[in-house]
Amino acid sequence: MGTFIMGYGKLTIPDSKKAEFLSDAKKVLYQAGLLSSHYNCAFKKEFKLMSFPNFDGNEADFTYSYFEDSFWENAGIDLENVELYSNKIGWLQFNKAIQALYILAESYSETPFIMYSYSRHTPPLALKWLRYVLKRDVRSPLRYDLWAALELIIQEEPDYFENNEFKDFYTWFAGDDVNINTLLPTFVSVVGVKKYFGDVSTDKDEKKDPSMLSYLDMMIIMYNQIKGFKQSSTLSEEQQVSHLIEMLTLDENTKDEWLKDKTQSIMVSFSHMLAPQITVKIISEIYEKDFWKMWFSIKEKSTSECIKLPESKEERKLEEISTEEYFSVNADDKLYWWSENSDVVISDETKSWFDTLNKQYQKLCEELKEETDFLHWQKRLINFLGSNNRRFYFFEDLYFEFIGSFHEVSFRAWTVMLENLAKKEHECRMFISVLANKELRNTVFSNK
């Protein structure tokens, strides 16, 4: 058993957008703290080194979440075909990062594609975070148009709603911004017309001024009209259904002719005001027919110009959330990502800790300035990494910088500080991040 990413449809990123997608993906992976890992061995000690995924080969592969401090099965991007892959992704930050990467891909796909994960459902939050990271609007087409998402799912899994309810569908597939004109047809098609009506009275005055009717009023009247048609028509049921379906496909001239028939004028009129999915759902329920079979037979032929709720003329700025909000981390977890222009705000408490580190560093530099056995210091660093192999991981660049720099007293002092902090796991991780971030390292260990 495990937690996986699954999907409906096919992800297809066109050649014209591949470079742009990969550029965005790099930013997302970096800010999400997703890292590659590999074993290294020196002086009979084994230890893991971390590096950001390499985009120069055939695939950008990663297994480790810095924020979760946990390894998972390989996930990544097939760079040649620009396709995503993943295996078990857990429940925490690695999961949320992979979901965000897939949703980014959804926004680029030229063919319908939508992912889902049964473990936790973060699409609305992931979209907000992607906007924050990429500094632009990001939308997933099918998470905005839920009707299109529903059609795709039913085409691939016709019995989807035998085990799932509408609330499950909405939770797994809706984005943070949904086209309201697709929402009602989607809901009604899933839960049913009668259930949607609920306890609402179906006794509507059909002679009432149409301009005073609500959408629900029209649905109820349409239901009553079709039910009455079934009871009074001399046609066979099959002919009745064909006639009602044809009503949705009329051109303007034919529609005008049908409207002259007072026995069906209301039905004809409302069939071109209600969303066609709703009319088909009403027909399917009254005649006990398969809704989806009926819908897919007519969807390309429908001429219904249904009433749509007006969209705001003012462009609405969609919400964003920070990396700290999305991954439930704080500035101490993001020291590697700090820069003068970054969003990482270091607390006064952490600044005080930096001052303590600097004092220790200055003292050690004085004590160790005469040391010349550089091989000894390489062994000490590697012993630290090997002895703490499941607790602390060096960035690969930092490791090779250390190995080649023990002629500088700074690196000897930092090695002693690492050894002293080994029992303080959280502080030691923070310290390694400070060392790996050269801009922050220079700030913390400057002569004050």
# chains A, B, ... in the order shown; residues from 1 in each chain; ligands from 1

call {"tool": "closest_atom_pairs", "arguments": {"of": "stretch 2-45 of chain A", "to": "stretch 97-106 of chain A", "cutoff": "10 Å", "atoms": "only C-alpha atoms", "output": "tab-separated table"}}
result
residue	atom	partner	partner_atom	distance
A:Phe4	CA	A:Ile98	CA	9.9
A:Ile5	CA	A:Gln99	CA	7.5
A:Met6	CA	A:Tyr102	CA	10.0
A:Gly7	CA	A:Tyr102	CA	9.6
A:Lys10	CA	A:Glu106	CA	9.7
A:Leu11	CA	A:Glu106	CA	7.1
A:Thr12	CA	A:Ala105	CA	8.7
A:Ile13	CA	A:Ala105	CA	7.6
A:Phe21	CA	A:Ala105	CA	7.4
A:Leu22	CA	A:Ala105	CA	9.6
A:Asp24	CA	A:Leu104	CA	8.2
A:Ala25	CA	A:Leu101	CA	6.9
A:Lys26	CA	A:Leu101	CA	9.8
A:Val28	CA	A:Leu101	CA	7.0
A:Leu29	CA	A:Ala97	CA	7.6
A:Gln31	CA	A:Ala97	CA	9.2
A:Ala32	CA	A:Ala97	CA	5.8
A:Gly33	CA	A:Ala97	CA	8.3
A:Leu34	CA	A:Ala97	CA	7.7

call {"tool": "write_last_selection", "arguments": {"atoms": "C-alpha atoms", "output": "short mmCIF file (atom, residue, chain, number, x, y, z; two decimals), in the first residue's frame"}}
result
data_model
loop_
_atom_site.label_atom_id
_atom_site.label_comp_id
_atom_site.auth_asym_id
_atom_site.auth_seq_id
_atom_site.Cartn_x
_atom_site.Cartn_y
_atom_site.Cartn_z
CA PHE A 4 0.47 7.73 -5.36
CA ILE A 5 -0.31 10.41 -7.94
CA MET A 6 -2.80 9.21 -10.54
CA GLY A 7 -4.50 10.96 -13.41
CA LYS A 10 -2.91 12.39 -21.25
CA LEU A 11 -0.31 15.00 -20.41
CA THR A 12 0.98 16.57 -23.63
CA ILE A 13 3.22 19.61 -23.46
CA PHE A 21 7.65 24.60 -18.76
CA LEU A 22 11.08 23.28 -17.79
CA ASP A 24 9.08 26.99 -14.46
CA ALA A 25 9.61 23.44 -13.20
CA LYS A 26 13.15 24.30 -12.11
CA VAL A 28 9.15 25.04 -8.50
CA LEU A 29 11.52 22.19 -7.60
CA GLN A 31 11.50 26.45 -3.96
CA ALA A 32 9.86 23.15 -2.95
CA GLY A 33 13.15 21.83 -1.60
CA LEU A 34 13.13 18.69 -3.75
#

call {"tool": "residues_around", "arguments": {"residues": "A:Asp78", "least_positions_apart": "5", "cutoff": "7 Å", "atoms": "only C-alpha atoms", "output": "PyMOL selection string"}}
result
chain A and resi 58-60+83-84

call {"tool": "residues_around", "arguments": {"residues": "stretch 295-307 of chain A", "least_positions_apart": "2", "cutoff": "7 Å", "atoms": "only C-alpha atoms", "output": "PyMOL selection string"}}
result
chain A and resi 248-251+271-276+280+291-293+309

call {"tool": "residues_around", "arguments": {"residues": "A:Ser433", "least_positions_apart": "3", "cutoff": "7 Å", "atoms": "only C-alpha atoms", "output": "JSON list (two decimals) with N, CA and C atoms, in the first residue's frame"}}
result
[["chain", "number", "residue", "atom", "x", "y", "z"],
["A", 335, "LEU", "N", 16.70, 28.72, 5.59],
["A", 335, "LEU", "CA", 17.94, 29.50, 5.61],
["A", 335, "LEU", "C", 18.74, 29.31, 4.32],
["A", 336, "TYR", "N", 18.65, 28.13, 3.74],
["A", 336, "TYR", "CA", 19.36, 27.90, 2.48],
["A", 336, "TYR", "C", 18.85, 28.83, 1.38],
["A", 429, "ARG", "N", 21.14, 21.09, 11.43],
["A", 429, "ARG", "CA", 20.57, 21.24, 10.07],
["A", 429, "ARG", "C", 20.59, 22.71, 9.64],
["A", 430, "MET", "N", 20.21, 23.59, 10.58],
["A", 430, "MET", "CA", 20.23, 25.02, 10.27],
["A", 430, "MET", "C", 21.65, 25.48, 9.95],
["A", 436, "ALA", "N", 25.92, 26.25, 3.49],
["A", 436, "ALA", "CA", 25.67, 26.01, 2.06],
["A", 436, "ALA", "C", 25.23, 27.27, 1.33],
["A", 437, "ASN", "N", 24.68, 28.23, 2.05],
["A", 437, "ASN", "CA", 24.23, 29.50, 1.47],
["A", 437, "ASN", "C", 25.37, 30.51, 1.62]]

call {"tool": "closest_residue", "arguments": {"among": "A:Thr443, A:Val344, A:Thr263, A:Tyr170", "to": "A:Glu324", "atoms": "only C-alpha atoms"}}
result
A:Val344

call {"tool": "select_by_dssp", "arguments": {"residues": "stretch 129-300 of chain A", "states": "alpha helix (DSSP H)", "output": "ChimeraX atom specification"}}
result
/A:129-134,141-144,146-156,166-173,180-191,193-197,215-232,237-247,252-259,265-271,276-287,291-298

call {"tool": "atom_distance", "arguments": {"atom1": "atom CA of A:Arg391", "atom2": "atom CA of A:Asn40"}}
result
15.4 Å

call {"tool": "closest_residue", "arguments": {"among": "A:Cys365, A:Ala126, A:Leu235, A:Leu381", "to": "A:Ser410", "atoms": "only C-alpha atoms"}}
result
A:Cys365

call {"tool": "atom_distance", "arguments": {"atom1": "atom CA of A:Phe71", "atom2": "atom CA of A:Phe52"}}
result
14.1 Å

call {"tool": "atom_distance", "arguments": {"atom1": "atom CA of A:Ser387", "atom2": "atom CA of A:Phe406"}}
result
20.0 Å

call {"tool": "closest_residue", "arguments": {"among": "A:Tyr116, A:Phe187, A:Tyr215, A:Phe445", "to": "A:Phe173", "atoms": "only C-alpha atoms"}}
result
A:Tyr116

call {"tool": "residues_around", "arguments": {"residues": "A:Thr372", "least_positions_apart": "5", "cutoff": "12 Å", "atoms": "only C-alpha atoms", "output": "list in words"}}
result
Trp377, Gln378, Ser405, Phe406, His407, Glu408, Val409 and Arg412 of chain A

call {"tool": "closest_residue", "arguments": {"among": "A:Tyr118, A:Tyr160, A:Tyr144, A:Tyr66", "to": "A:Leu183", "atoms": "only C-alpha atoms"}}
result
A:Tyr144
